[in-house]
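**Q** Structure file work_14.pdb (PDB, C-alpha atoms) right here:
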ATOM      1  CA  MET A  41       9.771   1.303  27.125
ATOM      2  CA  SER A  42       8.917   0.007  23.668
ATOM      3  CA  LYS A  43       7.670  -3.578  23.387
ATOM      4  CA  PHE A  44       9.274  -3.907  19.942
ATOM      5  CA  LYS A  45      12.825  -3.223  18.811
ATOM      6  CA  ARG A  46      11.921  -2.868  15.131
ATOM      7  CA  ILE A  47       8.551  -2.635  13.368
ATOM      8  CA  LEU A  48       7.223  -2.374   9.855
ATOM      9  CA  LEU A  49       4.226  -0.060   9.573
ATOM     10  CA  LYS A  50       1.931  -0.866   6.627
ATOM     11  CA  LEU A  51      -0.192   2.095   5.587
ATOM     12  CA  GLY A  52      -2.857   2.293   2.920
ATOM     13  CA  GLY A  53      -2.521   5.027   0.333
ATOM     14  CA  GLU A  54      -5.904   6.269   1.563
ATOM     15  CA  SER A  55      -4.163   7.528   4.712
ATOM     16  CA  LEU A  56      -2.904  10.464   2.619
ATOM     17  CA  LEU A  57      -6.284  11.350   1.124
ATOM     18  CA  GLY A  58      -7.579  13.589   3.906
ATOM     19  CA  ASP A  59     -10.859  15.098   2.694
ATOM     20  CA  ARG A  60     -10.019  14.544  -0.958
ATOM     21  CA  GLU A  61     -11.411  11.859  -3.215
ATOM     22  CA  TYR A  62      -8.107  11.391  -5.038
ATOM     23  CA  GLY A  63      -4.417  12.207  -4.615
ATOM     24  CA  ILE A  64      -2.428  13.516  -1.672
ATOM     25  CA  ASP A  65      -3.520  16.011   0.980
ATOM     26  CA  PRO A  66      -0.391  17.555   2.599
ATOM     27  CA  LYS A  67      -2.336  18.067   5.862
ATOM     28  CA  ALA A  68      -3.164  14.359   5.989
ATOM     29  CA  ALA A  69       0.501  13.546   5.333
ATOM     30  CA  ILE A  70       1.505  15.713   8.316
ATOM     31  CA  LYS A  71      -0.975  13.856  10.566
ATOM     32  CA  VAL A  72       0.480  10.514   9.476
ATOM     33  CA  ALA A  73       4.008  11.868  10.006
ATOM     34  CA  GLU A  74       3.172  12.962  13.554
ATOM     35  CA  GLU A  75       1.990   9.449  14.429
ATOM     36  CA  VAL A  76       5.118   7.885  12.906
ATOM     37  CA  LYS A  77       7.249  10.415  14.786
ATOM     38  CA  SER A  78       5.603   9.488  18.101
ATOM     39  CA  VAL A  79       6.582   5.849  17.483
ATOM     40  CA  ALA A  80      10.167   6.698  16.497
ATOM     41  CA  GLU A  81      10.560   8.813  19.651
ATOM     42  CA  THR A  82      10.016   5.700  21.815
ATOM     43  CA  GLY A  83      13.296   4.333  20.430
ATOM     44  CA  THR A  84      11.522   1.829  18.175
ATOM     45  CA  GLN A  85      13.185   1.375  14.792
ATOM     46  CA  VAL A  86      10.637   2.045  12.046
ATOM     47  CA  ALA A  87      10.233   0.999   8.419
ATOM     48  CA  VAL A  88       7.154   2.115   6.475
ATOM     49  CA  VAL A  89       5.432   0.618   3.435
ATOM     50  CA  ILE A  90       2.551   2.583   1.916
ATOM     51  CA  GLY A  91       0.080   1.506  -0.732
ATOM     52  CA  ALA A  92      -1.190   3.535  -3.677
ATOM     53  CA  GLY A  93      -4.979   3.303  -3.441
ATOM     54  CA  ASN A  94      -5.263   7.085  -3.352
ATOM     55  CA  ILE A  95      -3.616   7.365  -6.793
ATOM     56  CA  PHE A  96      -3.644   4.138  -8.803
ATOM     57  CA  ARG A  97      -4.317   0.482  -8.043
ATOM     58  CA  GLY A  98      -2.725  -2.064 -10.360
ATOM     59  CA  LEU A  99      -5.651  -4.506 -10.080
ATOM     60  CA  ALA A 100      -8.163  -1.769 -10.882
ATOM     61  CA  GLY A 101      -6.083  -0.678 -13.870
ATOM     62  CA  ALA A 102      -5.922  -4.250 -15.133
ATOM     63  CA  ALA A 103      -9.692  -4.606 -14.695
ATOM     64  CA  ASN A 104     -10.138  -1.574 -16.927
ATOM     65  CA  GLY A 105      -8.080  -2.979 -19.761
ATOM     66  CA  ILE A 106      -4.441  -2.102 -18.984
ATOM     67  CA  GLU A 107      -2.107  -5.081 -19.288
ATOM     68  CA  ARG A 108      -1.654  -6.471 -15.772
ATOM     69  CA  ALA A 109       2.134  -6.160 -15.487
ATOM     70  CA  THR A 110       2.024  -2.602 -16.846
ATOM     71  CA  ALA A 111      -0.775  -1.687 -14.421
ATOM     72  CA  ASP A 112       1.222  -3.089 -11.504
ATOM     73  CA  TYR A 113       4.315  -1.080 -12.460
ATOM     74  CA  MET A 114       2.128   2.038 -12.587
ATOM     75  CA  GLY A 115       0.931   1.229  -9.077
ATOM     76  CA  MET A 116       4.537   0.849  -7.915
ATOM     77  CA  LEU A 117       5.361   4.315  -9.246
ATOM     78  CA  ALA A 118       2.359   5.682  -7.358
ATOM     79  CA  THR A 119       3.777   4.277  -4.096
ATOM     80  CA  VAL A 120       6.979   6.236  -4.772
ATOM     81  CA  MET A 121       4.918   9.435  -5.023
ATOM     82  CA  ASN A 122       3.239   8.637  -1.707
ATOM     83  CA  CYS A 123       6.565   7.906  -0.025
ATOM     84  CA  LEU A 124       8.009  11.199  -1.289
ATOM     85  CA  ALA A 125       5.018  13.056   0.169
ATOM     86  CA  LEU A 126       5.367  11.240   3.498
ATOM     87  CA  GLN A 127       9.140  11.796   3.525
ATOM     88  CA  ASP A 128       8.564  15.525   3.077
ATOM     89  CA  ALA A 129       6.022  15.557   5.931
ATOM     90  CA  LEU A 130       8.290  13.543   8.237
ATOM     91  CA  GLU A 131      11.283  15.786   7.661
ATOM     92  CA  LYS A 132       9.128  18.882   8.253
ATOM     93  CA  SER A 133       8.208  17.228  11.563
ATOM     94  CA  GLY A 134      11.904  16.812  12.429
ATOM     95  CA  VAL A 135      12.268  13.110  11.623
ATOM     96  CA  ASP A 136      15.362  11.950   9.742
ATOM     97  CA  THR A 137      14.363   9.624   6.886
ATOM     98  CA  ARG A 138      15.662   7.578   4.003
ATOM     99  CA  LEU A 139      13.620   6.498   0.990
ATOM    100  CA  GLN A 140      14.499   3.224  -0.712
ATOM    101  CA  THR A 141      12.784   1.781  -3.777
ATOM    102  CA  SER A 142      12.625  -1.651  -5.368
ATOM    103  CA  LEU A 143      12.776   0.034  -8.789
ATOM    104  CA  GLU A 144      15.948   2.018  -9.348
ATOM    105  CA  MET A 145      15.427   5.784  -9.640
ATOM    106  CA  PRO A 146      18.601   7.373  -8.226
ATOM    107  CA  ALA A 147      17.380  10.944  -8.699
ATOM    108  CA  VAL A 148      14.791  10.523  -5.924
ATOM    109  CA  ALA A 149      15.728   7.507  -3.789
ATOM    110  CA  GLU A 150      18.286   4.904  -2.836
ATOM    111  CA  PRO A 151      17.842   1.406  -4.245
ATOM    112  CA  PHE A 152      16.635  -1.083  -1.632
ATOM    113  CA  VAL A 153      19.680  -2.648   0.016
ATOM    114  CA  ARG A 154      18.849  -4.767   3.046
ATOM    115  CA  ARG A 155      21.978  -4.067   5.100
ATOM    116  CA  ARG A 156      21.845  -0.350   4.315
ATOM    117  CA  ALA A 157      18.182  -0.150   5.366
ATOM    118  CA  ILE A 158      19.001  -1.871   8.658
ATOM    119  CA  ARG A 159      21.911   0.507   9.224
ATOM    120  CA  HIS A 160      19.650   3.520   8.673
ATOM    121  CA  MET A 161      17.182   2.197  11.247
ATOM    122  CA  VAL A 162      19.919   1.475  13.779
ATOM    123  CA  LYS A 163      20.927   5.135  13.395
ATOM    124  CA  GLY A 164      17.380   6.203  14.212
ATOM    125  CA  ARG A 165      16.186   7.035  10.708
ATOM    126  CA  VAL A 166      12.713   6.106   9.518
ATOM    127  CA  VAL A 167      13.091   4.058   6.330
ATOM    128  CA  LEU A 168      10.379   4.428   3.690
ATOM    129  CA  LEU A 169      10.154   1.452   1.348
ATOM    130  CA  ALA A 170       8.530   2.110  -2.028
ATOM    131  CA  ALA A 171       7.581   0.154  -5.170
ATOM    132  CA  GLY A 172       6.505  -3.039  -3.413
ATOM    133  CA  THR A 173       8.649  -6.053  -4.278
ATOM    134  CA  GLY A 174       9.655  -4.500  -7.618
ATOM    135  CA  ASP A 175       7.750  -7.219  -9.463
ATOM    136  CA  PRO A 176       4.233  -7.267 -10.921
ATOM    137  CA  TYR A 177       1.541  -9.582  -9.541
ATOM    138  CA  PHE A 178       2.507  -8.811  -5.931
ATOM    139  CA  THR A 179       0.629  -6.368  -3.712
ATOM    140  CA  THR A 180       2.113  -3.861  -1.288
ATOM    141  CA  ASP A 181       0.868  -6.185   1.496
ATOM    142  CA  THR A 182       3.176  -8.875   0.128
ATOM    143  CA  GLY A 183       5.959  -6.307  -0.253
ATOM    144  CA  ALA A 184       5.468  -5.311   3.386
ATOM    145  CA  ALA A 185       5.617  -8.921   4.586
ATOM    146  CA  LEU A 186       8.750  -9.606   2.530
ATOM    147  CA  ARG A 187      10.549  -6.471   3.723
ATOM    148  CA  ALA A 188       9.553  -7.069   7.356
ATOM    149  CA  LEU A 189      11.127 -10.520   7.195
ATOM    150  CA  GLU A 190      14.249  -9.288   5.398
ATOM    151  CA  LEU A 191      14.749  -6.501   7.936
ATOM    152  CA  ASN A 192      14.178  -8.758  10.965
ATOM    153  CA  CYS A 193      11.163  -6.754  12.164
ATOM    154  CA  ASP A 194       9.370  -7.976  15.288
ATOM    155  CA  VAL A 195       5.891  -7.253  13.938
ATOM    156  CA  ILE A 196       3.943  -5.848  10.999
ATOM    157  CA  MET A 197       1.647  -3.091  12.257
ATOM    158  CA  LYS A 198      -1.201  -2.851   9.741
ATOM    159  CA  ALA A 199      -2.867   0.546   9.946
ATOM    160  CA  THR A 200      -6.643   0.478   9.434
ATOM    161  CA  LYS A 201      -9.696   2.561  10.313
ATOM    162  CA  VAL A 202     -11.098  -0.081  12.675
ATOM    163  CA  ASP A 203      -9.773  -0.976  16.112
ATOM    164  CA  GLY A 204      -8.954  -4.584  15.348
ATOM    165  CA  ILE A 205     -10.354  -7.766  13.801
ATOM    166  CA  TYR A 206     -13.980  -8.765  14.375
ATOM    167  CA  ASP A 207     -15.847 -11.974  13.614
ATOM    168  CA  LYS A 208     -18.215  -9.877  11.441
ATOM    169  CA  ASP A 209     -18.587  -6.296  10.295
ATOM    170  CA  PRO A 210     -19.014  -4.179  13.473
ATOM    171  CA  ASN A 211     -20.657  -1.406  11.445
ATOM    172  CA  LYS A 212     -23.498  -3.725  10.449
ATOM    173  CA  HIS A 213     -23.662  -6.037  13.464
ATOM    174  CA  PRO A 214     -23.763  -4.492  16.987
ATOM    175  CA  ASP A 215     -23.038  -7.950  18.470
ATOM    176  CA  ALA A 216     -19.763  -8.322  16.519
ATOM    177  CA  LYS A 217     -17.030  -9.866  18.639
ATOM    178  CA  LYS A 218     -13.568  -8.303  18.633
ATOM    179  CA  TYR A 219     -10.513 -10.523  18.908
ATOM    180  CA  SER A 220      -7.606  -9.303  21.042
ATOM    181  CA  GLU A 221      -5.446 -12.188  19.830
ATOM    182  CA  LEU A 222      -5.899 -14.644  16.997
ATOM    183  CA  ALA A 223      -3.991 -17.637  15.656
ATOM    184  CA  TYR A 224      -3.058 -17.646  11.959
ATOM    185  CA  MET A 225      -5.051 -20.818  11.310
ATOM    186  CA  ASP A 226      -8.159 -19.459  13.060
ATOM    187  CA  ALA A 227      -8.011 -16.346  10.880
ATOM    188  CA  LEU A 228      -7.872 -18.604   7.804
ATOM    189  CA  LYS A 229     -10.699 -20.895   8.987
ATOM    190  CA  GLU A 230     -12.995 -17.956   9.680
ATOM    191  CA  ARG A 231     -11.998 -16.319   6.368
ATOM    192  CA  LEU A 232     -10.981 -13.104   8.066
ATOM    193  CA  GLU A 233      -9.213 -10.814   5.616
ATOM    194  CA  VAL A 234      -6.141  -9.698   7.548
ATOM    195  CA  MET A 235      -3.841  -9.255   4.542
ATOM    196  CA  ASP A 236      -3.909 -10.697   1.050
ATOM    197  CA  THR A 237      -3.281 -14.435   0.782
ATOM    198  CA  SER A 238       0.382 -14.300  -0.315
ATOM    199  CA  ALA A 239       1.319 -11.810   2.405
ATOM    200  CA  PHE A 240      -0.553 -13.760   5.075
ATOM    201  CA  ALA A 241       1.109 -17.028   4.037
ATOM    202  CA  LEU A 242       4.571 -15.412   4.243
ATOM    203  CA  CYS A 243       3.856 -14.171   7.759
ATOM    204  CA  MET A 244       2.375 -17.480   8.898
ATOM    205  CA  ASP A 245       5.198 -19.601   7.460
ATOM    206  CA  ASN A 246       7.826 -17.413   9.116
ATOM    207  CA  HIS A 247       6.014 -16.755  12.421
ATOM    208  CA  LEU A 248       5.848 -12.988  11.908
ATOM    209  CA  PRO A 249       3.046 -11.440  14.019
ATOM    210  CA  ILE A 250       0.580  -9.028  12.403
ATOM    211  CA  MET A 251      -1.008  -6.283  14.487
ATOM    212  CA  VAL A 252      -4.215  -4.786  13.088
ATOM    213  CA  PHE A 253      -5.178  -1.518  14.782
ATOM    214  CA  ASN A 254      -6.838   1.864  14.298
ATOM    215  CA  PHE A 255      -3.979   4.083  13.207
ATOM    216  CA  PHE A 256      -6.218   7.112  12.790
ATOM    217  CA  GLU A 257      -7.042   7.513  16.467
ATOM    218  CA  LYS A 258      -4.407   9.921  17.715
ATOM    219  CA  GLY A 259      -1.800   8.275  19.922
ATOM    220  CA  ASN A 260      -2.762   4.677  19.094
ATOM    221  CA  ALA A 261       0.461   3.876  17.237
ATOM    222  CA  LYS A 262       2.577   4.933  20.199
ATOM    223  CA  LYS A 263       0.348   3.034  22.642
ATOM    224  CA  ALA A 264       0.683  -0.077  20.479
ATOM    225  CA  VAL A 265       4.491  -0.101  20.484
ATOM    226  CA  LEU A 266       4.514   0.576  24.229
ATOM    227  CA  GLY A 267       2.553  -2.635  24.748
ATOM    228  CA  GLU A 268      -0.911  -1.295  25.539
ATOM    229  CA  PRO A 269      -3.758  -3.602  24.434
ATOM    230  CA  ILE A 270      -4.511  -1.923  21.106
ATOM    231  CA  GLY A 271      -6.110  -3.731  18.174
ATOM    232  CA  THR A 272      -5.692  -7.434  17.375
ATOM    233  CA  ILE A 273      -2.505  -9.497  17.188
ATOM    234  CA  VAL A 274      -2.428 -12.409  14.740
ATOM    235  CA  LYS A 275       0.323 -14.874  15.575
TER     236      LYS A 275
END
Output the file's structure as structure tokens, nothing else.

**A**
Amino acid sequence: MSKFKRILLKLGGESLLGDREYGIDPKAAIKVAEEVKSVAETGTQVAVVIGAGNIFRGLAGAANGIERATADYMGMLATVMNCLALQDALEKSGVDTRLQTSLEMPAVAEPFVRRRAIRHMVKGRVVLLAAGTGDPYFTTDTGAALRALELNCDVIMKATKVDGIYDKDPNKHPDAKKYSELAYMDALKERLEVMDTSAFALCMDNHLPIMVFNFFEKGNAKKAVLGEPIGTIVK
């Protein structure tokens, strides 16, 4: 039985890269969809927020001379592209989905409406949430934290390539210590980058747990929602 009634899964845009250096690999999208499907099949209600690092990062665009607000809007549009690719992969895998965006574009998605999103999840649909908060100067991490709170999610599951949070880089330090559980304040004191500062503050102020785990090890997402000791919980 699932440990959580409703989760928000935060994916990086890089999860859709596959073997490419840029863009979307349909095979990678199918792999992500299969993991999301395995979670939905436990009866857990699922919302997904995905970044845009595989296409365009607002901060990187701003660093290269694009006006910051414009760069951030470009990044938001890139998240819509990623969500469309993931929606296609999920529906090919037999998962019913709905795509909602913070920027209105009725030809491809519903506008984000909190009560409608909750209703979709209650009916067993995976809800894909694109375009962050709809405002510049906020990351998709902050958008994920905001949406998780709005939708009364039990946890944010942050998908990474490492199996949790360590006191130092485990790739460089063989003696790195992994945390199974961590308090918000301890994560701040030790300067552990769990999410960006705004997103982390939102979660801490509203007592929303963050689970950091290796999403790319097959079956881990399902194990996590079933309560197996996967990754690190910050609470």

**Q** Quick check, in Å to one decimal: how far apart do CA of Asp181 (chain A) and CA of Met41 (chain A) lie?

**A**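 Calculated distance between CA of Asp181 (chain A) and CA of Met41 (chain A) is 28.1 Å.
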
**Q** Which residues are near region 122-126 of chain A? Cut-off 7 Å, only C-alpha atoms, ignore same chain within fewer than 2 positions. Put them as a ChimeraX atom specification.

**A** /A:69,73,90,118-120,128-130,168,170

**Q** Centre and edge lengths of an axis-aligned box around all listed atoms of region 212-228 of chain A, with 4 Å added on each side, are to be given in Å to one decimal, as lines of an AutoDock Vina configuration file.

**A**
center_x = -13.4
center_y = -12.3
center_z = 14.4
size_x = 28.7
size_y = 25.1
size_z = 21.2

**Q** Pull the neighbourhood of (0.4, -3.1, -11.3) for me: all residues within 12 Å in file coordinates, counting all atoms listed in the file, as a PyMOL selection string.

**A** chain A and resi 91-93+96-103+105-119+171-180

**Q** Can you pull out the residues contacting region 265-271 of chain A? Cut-off 9 Å, using only C-alpha atoms, and skip same-chain residues under 3 positions away; I want them as a PyMOL selection string.

**A** chain A and resi 41-44+47+79+82+84+202-205+218-221+251-254+260-262

**Q** For each of A:Ile95, A:Val234, A:Val135, A:Val86, take the minimum atom-to-atom distance to Thr200 (chain A), counting all atoms listed in the file, then give the residue where this is smallest.

**A**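 Distance minimum relative to Thr200 (chain A) lands on A:Val234.
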
**Q** From the options A:Ala68, A:Ala264, A:Leu56, A:Val89, which residue's atoms come nearest to Ala184 (chain A), counting only C-alpha atoms?

**A** A:Val89

**Q** Provide region 164-189 of chain A rebuilt to N, CA, C and O atoms, formatted as a CSV table (one decimal), in the coordinates of the input.

**A**
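Written file, part.csv:
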chain,number,residue,atom,x,y,z
A,164,GLY,N,18.5,5.4,13.8
A,164,GLY,CA,17.4,6.2,14.2
A,164,GLY,C,16.6,6.8,13.1
A,164,GLY,O,15.7,7.6,13.3
A,165,ARG,N,16.9,6.5,11.8
A,165,ARG,CA,16.2,7.0,10.7
A,165,ARG,C,15.0,6.2,10.4
A,165,ARG,O,15.0,5.0,10.5
A,166,VAL,N,13.9,6.8,10.0
A,166,VAL,CA,12.7,6.1,9.5
A,166,VAL,C,13.0,5.8,8.0
A,166,VAL,O,13.3,6.7,7.3
A,167,VAL,N,12.8,4.5,7.7
A,167,VAL,CA,13.1,4.1,6.3
A,167,VAL,C,11.8,3.8,5.6
A,167,VAL,O,10.9,3.1,6.0
A,168,LEU,N,11.6,4.6,4.5
A,168,LEU,CA,10.4,4.4,3.7
A,168,LEU,C,10.7,3.5,2.5
A,168,LEU,O,11.7,3.7,1.8
A,169,LEU,N,9.9,2.5,2.4
A,169,LEU,CA,10.2,1.5,1.3
A,169,LEU,C,9.1,1.5,0.3
A,169,LEU,O,7.9,1.2,0.5
A,170,ALA,N,9.5,1.9,-0.9
A,170,ALA,CA,8.5,2.1,-2.0
A,170,ALA,C,8.7,1.1,-3.1
A,170,ALA,O,9.6,0.3,-3.2
A,171,ALA,N,7.6,1.0,-4.0
A,171,ALA,CA,7.6,0.2,-5.2
A,171,ALA,C,7.4,-1.3,-4.9
A,171,ALA,O,7.9,-2.2,-5.6
A,172,GLY,N,6.8,-1.6,-3.7
A,172,GLY,CA,6.5,-3.0,-3.4
A,172,GLY,C,7.7,-4.0,-3.5
A,172,GLY,O,8.8,-3.7,-2.9
A,173,THR,N,7.5,-5.1,-4.1
A,173,THR,CA,8.6,-6.1,-4.3
A,173,THR,C,9.5,-5.7,-5.5
A,173,THR,O,10.6,-6.3,-5.7
A,174,GLY,N,9.0,-4.8,-6.4
A,174,GLY,CA,9.7,-4.5,-7.6
A,174,GLY,C,9.2,-5.4,-8.8
A,174,GLY,O,9.7,-5.3,-9.9
A,175,ASP,N,8.3,-6.3,-8.5
A,175,ASP,CA,7.8,-7.2,-9.5
A,175,ASP,C,6.2,-7.1,-9.6
A,175,ASP,O,5.6,-6.9,-8.6
A,176,PRO,N,5.7,-7.3,-10.8
A,176,PRO,CA,4.2,-7.3,-10.9
A,176,PRO,C,3.6,-8.5,-10.3
A,176,PRO,O,4.3,-9.5,-9.9
A,177,TYR,N,2.3,-8.5,-10.1
A,177,TYR,CA,1.5,-9.6,-9.5
A,177,TYR,C,1.7,-9.7,-8.0
A,177,TYR,O,1.2,-10.7,-7.4
A,178,PHE,N,2.4,-8.8,-7.4
A,178,PHE,CA,2.5,-8.8,-5.9
A,178,PHE,C,2.0,-7.5,-5.4
A,178,PHE,O,2.3,-6.4,-5.9
A,179,THR,N,1.2,-7.6,-4.3
A,179,THR,CA,0.6,-6.4,-3.7
A,179,THR,C,1.6,-5.7,-2.8
A,179,THR,O,2.7,-6.3,-2.4
A,180,THR,N,1.3,-4.5,-2.3
A,180,THR,CA,2.1,-3.9,-1.3
A,180,THR,C,2.0,-4.6,0.0
A,180,THR,O,2.9,-4.5,0.9
A,181,ASP,N,0.9,-5.3,0.3
A,181,ASP,CA,0.9,-6.2,1.5
A,181,ASP,C,2.0,-7.2,1.4
A,181,ASP,O,2.7,-7.5,2.4
A,182,THR,N,2.1,-7.9,0.3
A,182,THR,CA,3.2,-8.9,0.1
A,182,THR,C,4.6,-8.2,0.2
A,182,THR,O,5.5,-8.8,0.9
A,183,GLY,N,4.7,-7.0,-0.4
A,183,GLY,CA,6.0,-6.3,-0.3
A,183,GLY,C,6.3,-6.0,1.2
A,183,GLY,O,7.4,-6.1,1.6
A,184,ALA,N,5.3,-5.6,2.0
A,184,ALA,CA,5.5,-5.3,3.4
A,184,ALA,C,5.9,-6.6,4.2
A,184,ALA,O,6.8,-6.5,5.0
A,185,ALA,N,5.3,-7.7,3.9
A,185,ALA,CA,5.6,-8.9,4.6
A,185,ALA,C,7.0,-9.3,4.2
A,185,ALA,O,7.8,-9.7,5.1
A,186,LEU,N,7.4,-9.3,3.0
A,186,LEU,CA,8.8,-9.6,2.5
A,186,LEU,C,9.8,-8.7,3.2
A,186,LEU,O,10.8,-9.2,3.7
A,187,ARG,N,9.6,-7.4,3.2
A,187,ARG,CA,10.5,-6.5,3.7
A,187,ARG,C,10.6,-6.6,5.2
A,187,ARG,O,11.7,-6.6,5.8
A,188,ALA,N,9.5,-6.9,5.9
A,188,ALA,CA,9.6,-7.1,7.4
A,188,ALA,C,10.4,-8.3,7.7
A,188,ALA,O,11.2,-8.2,8.7
A,189,LEU,N,10.3,-9.3,6.9
A,189,LEU,CA,11.1,-10.5,7.2
A,189,LEU,C,12.6,-10.3,6.9
A,189,LEU,O,13.5,-10.6,7.7
